[in-house]
Amino acid sequence: MVNTSTPDWGDLLIGQLAFYWDAHLRPRLDGLTDEEYFWEPVSGCWSVRPDAAGNYRVEGGPGVDPAPVTTVAWRMMHIAVGCFVTRSSTFFGDGSVPADADMFDPRHVPADLPHTAAEAVTFLDDSYREWHGHVSRLGDAGLRTPLGPKGAYFSAEPMAALITHVNREVMHHGGEIGLLRDLFHATGATRRTDHLAASGA
């Protein structure tokens, strides 16, 4: 018998990322070591490094073409911060960031990022759960609501479009994290990175 009921597009959209997270990305992070997290397969990689004050920050930015190769650390923090933390803070924030901050405002970015692989996995777990919790409670009206001024030049786009974009970004970078881990083990890359050596770890 043909099912003629109308699908719940919101559940499908939000479930897409939940399935990818549970079945693909999160299992691929089990056992991640500091050596893998900061491993630089080529010179000139973008990574997550301490600044002069000792706060760990993501290197690089938009507009670099071609963009350098990036580490597992860079990609994990791009997902955690660029996809989850800044969006959660922008659209579902607790008021700690001024109301005039759009979703590209650096005031949404934590001042210090994780220093180790274990801390990074926990941080990513927490940021994903927060984002998923917020968007899973939106309902049809919330999914259709335009982003407004907080969406900057995407202000006319509905929340569902942002969720679609976040899904794409997480799956894109998540696949690359898996590949970098495969390469690390396949090439026998066990050397400590310049980052770890410099920090005295």
# chains A, B, ... in the order shown; residues from 1 in each chain; ligands from 1

call {"tool": "residues_around", "arguments": {"residues": "Thr33 (chain A)", "least_positions_apart": "4", "cutoff": "8 Å", "atoms": "only C-alpha atoms", "output": "PyMOL selection string"}}
result
chain A and resi 37+117-118

call {"tool": "write_last_selection", "arguments": {"atoms": "C-alpha atoms", "output": "compact mmCIF listing (two decimals), in the first residue's frame"}}
result
# COMPACT_ATOMS: atom_id res chain seq x y z
CA TYR A 37 44.77 15.61 16.73
CA ALA A 117 42.33 15.62 21.89
CA ALA A 118 40.26 14.32 24.81

call {"tool": "residues_around", "arguments": {"residues": "Pro114 (chain A)", "least_positions_apart": "6", "cutoff": "9 Å", "atoms": "only C-alpha atoms", "output": "ChimeraX atom specification"}}
result
/A:48,56-57,77,120-121,123

call {"tool": "closest_residue", "arguments": {"among": "A:Trp131, A:Phe184, A:Trp9, A:Phe91", "to": "Gly148 (chain A)", "atoms": "only C-alpha atoms"}}
result
A:Phe91

call {"tool": "select_by_dssp", "arguments": {"residues": "chain A", "states": "strand (DSSP E)", "output": "list in words"}}
result
Val48, Arg49, Pro50, Tyr56, Arg57 and Val58 of chain A

call {"tool": "write_last_selection", "arguments": {"atoms": "C-alpha atoms", "output": "PDB file, in the first residue's frame"}}
result
ATOM      1  CA  VAL A  48      44.691  25.126  16.537  1.00  0.00           C
ATOM      2  CA  ARG A  49      47.562  26.819  18.347  1.00  0.00           C
ATOM      3  CA  PRO A  50      48.164  28.875  21.478  1.00  0.00           C
ATOM      4  CA  TYR A  56      44.224  28.114  21.855  1.00  0.00           C
ATOM      5  CA  ARG A  57      42.687  29.528  18.677  1.00  0.00           C
ATOM      6  CA  VAL A  58      41.817  28.321  15.182  1.00  0.00           C
TER       7      VAL A  58
END

call {"tool": "closest_residue", "arguments": {"among": "A:Asp94, A:Glu35, A:Glu176, A:Asp30", "to": "Thr116 (chain A)", "atoms": "only C-alpha atoms"}}
result
A:Glu35

call {"tool": "select_by_dssp", "arguments": {"residues": "region 47-181 of chain A", "states": "alpha helix (DSSP H)", "output": "number ranges by chain"}}
result
A: 72-77, 86-92, 117-136, 139-144, 159-181

call {"tool": "residues_around", "arguments": {"residues": "Ala156 (chain A)", "least_positions_apart": "4", "cutoff": "12 Å", "atoms": "only C-alpha atoms", "output": "short mmCIF file (atom, residue, chain, number, x, y, z; two decimals) with N, CA and C atoms, in the first residue's frame"}}
result
data_model
loop_
_atom_site.label_atom_id
_atom_site.label_comp_id
_atom_site.auth_asym_id
_atom_site.auth_seq_id
_atom_site.Cartn_x
_atom_site.Cartn_y
_atom_site.Cartn_z
N ARG A 144 10.62 27.54 9.37
CA ARG A 144 10.30 28.44 8.27
C ARG A 144 10.64 29.91 8.57
N THR A 145 10.92 30.23 9.81
CA THR A 145 11.15 31.63 10.18
C THR A 145 12.45 32.15 9.59
N PRO A 146 12.43 33.32 8.95
CA PRO A 146 13.66 33.90 8.40
C PRO A 146 14.68 34.17 9.50
N LEU A 147 15.95 34.09 9.14
CA LEU A 147 17.02 34.31 10.11
C LEU A 147 17.05 35.74 10.62
N GLY A 148 16.63 36.68 9.79
CA GLY A 148 16.61 38.08 10.21
C GLY A 148 18.00 38.67 10.32
N PRO A 149 18.16 39.81 10.99
CA PRO A 149 19.45 40.50 11.06
C PRO A 149 20.59 39.63 11.60
N LYS A 150 20.27 38.68 12.47
CA LYS A 150 21.34 37.82 13.01
C LYS A 150 21.93 36.92 11.94
N GLY A 151 21.22 36.76 10.83
CA GLY A 151 21.73 35.96 9.73
C GLY A 151 22.61 36.72 8.77
N ALA A 152 22.85 38.02 9.07
CA ALA A 152 23.69 38.88 8.22
C ALA A 152 23.15 38.87 6.79
N ALA A 160 15.57 26.64 8.34
CA ALA A 160 15.82 25.33 7.69
C ALA A 160 16.99 25.39 6.73
N ALA A 161 17.21 26.53 6.08
CA ALA A 161 18.35 26.65 5.17
C ALA A 161 19.65 26.64 5.95
N LEU A 162 19.68 27.27 7.12
CA LEU A 162 20.88 27.25 7.94
C LEU A 162 21.16 25.83 8.43
#

call {"tool": "closest_residue", "arguments": {"among": "A:Thr6, A:Leu13, A:Val81, A:Arg26", "to": "Leu143 (chain A)", "atoms": "only C-alpha atoms"}}
result
A:Leu13

call {"tool": "closest_residue", "arguments": {"among": "A:Asn167, A:Ser136, A:Asp8, A:Arg107", "to": "Trp21 (chain A)", "atoms": "only C-alpha atoms"}}
result
A:Asn167

call {"tool": "closest_residue", "arguments": {"among": "A:Arg168, A:Arg137, A:His173, A:His185", "to": "Leu17 (chain A)", "atoms": "only C-alpha atoms"}}
result
A:Arg168

call {"tool": "residues_around", "arguments": {"residues": "Ser43 (chain A)", "least_positions_apart": "3", "cutoff": "12 Å", "atoms": "only C-alpha atoms", "output": "list in words"}}
result
Trp39, Glu40, Trp46, Ser47, Pro68, Val69, Thr70, Thr71, Thr193 and Asp194 of chain A

call {"tool": "atom_distance", "arguments": {"atom1": "CA of Gly60 (chain A)", "atom2": "CA of His78 (chain A)"}}
result
10.8 Å

call {"tool": "closest_residue", "arguments": {"among": "A:Phe19, A:His24, A:Gly82, A:Pro66", "to": "His165 (chain A)", "atoms": "only C-alpha atoms"}}
result
A:Gly82

call {"tool": "atom_distance", "arguments": {"atom1": "CA of Val166 (chain A)", "atom2": "CA of Cys83 (chain A)"}}
result
5.7 Å

call {"tool": "decode", "arguments": {"residues": "region 84-97 of chain A", "atoms": "N, CA and C atoms", "output": "short mmCIF file (atom, residue, chain, number, x, y, z; two decimals), in the first residue's frame"}}
result
data_model
loop_
_atom_site.label_atom_id
_atom_site.label_comp_id
_atom_site.auth_asym_id
_atom_site.auth_seq_id
_atom_site.Cartn_x
_atom_site.Cartn_y
_atom_site.Cartn_z
N PHE A 84 28.46 24.75 15.21
CA PHE A 84 27.55 24.57 16.34
C PHE A 84 27.56 25.73 17.34
N VAL A 85 28.70 26.05 17.90
CA VAL A 85 28.75 27.03 18.98
C VAL A 85 28.26 28.40 18.55
N THR A 86 28.79 28.91 17.43
CA THR A 86 28.41 30.26 17.01
C THR A 86 26.95 30.34 16.63
N ARG A 87 26.42 29.29 16.01
CA ARG A 87 25.00 29.30 15.62
C ARG A 87 24.10 29.16 16.83
N SER A 88 24.47 28.31 17.76
CA SER A 88 23.68 28.19 18.98
C SER A 88 23.68 29.50 19.76
N SER A 89 24.86 30.11 19.87
CA SER A 89 24.96 31.37 20.59
C SER A 89 24.16 32.48 19.91
N THR A 90 24.20 32.50 18.58
CA THR A 90 23.51 33.55 17.83
C THR A 90 22.00 33.45 17.97
N PHE A 91 21.45 32.28 17.72
CA PHE A 91 20.00 32.14 17.60
C PHE A 91 19.32 31.59 18.86
N PHE A 92 20.10 31.00 19.76
CA PHE A 92 19.50 30.41 20.97
C PHE A 92 20.31 30.79 22.21
N GLY A 93 21.03 31.90 22.15
CA GLY A 93 21.98 32.25 23.18
C GLY A 93 21.36 32.61 24.52
N ASP A 94 22.23 32.67 25.52
CA ASP A 94 21.79 32.96 26.89
C ASP A 94 21.90 34.44 27.24
N GLY A 95 22.21 35.27 26.25
CA GLY A 95 22.32 36.70 26.49
C GLY A 95 23.71 37.18 26.86
N SER A 96 24.67 36.26 26.94
CA SER A 96 26.03 36.65 27.31
C SER A 96 26.76 37.38 26.18
N VAL A 97 26.28 37.21 24.94
CA VAL A 97 26.82 37.94 23.79
C VAL A 97 25.84 39.04 23.43
#
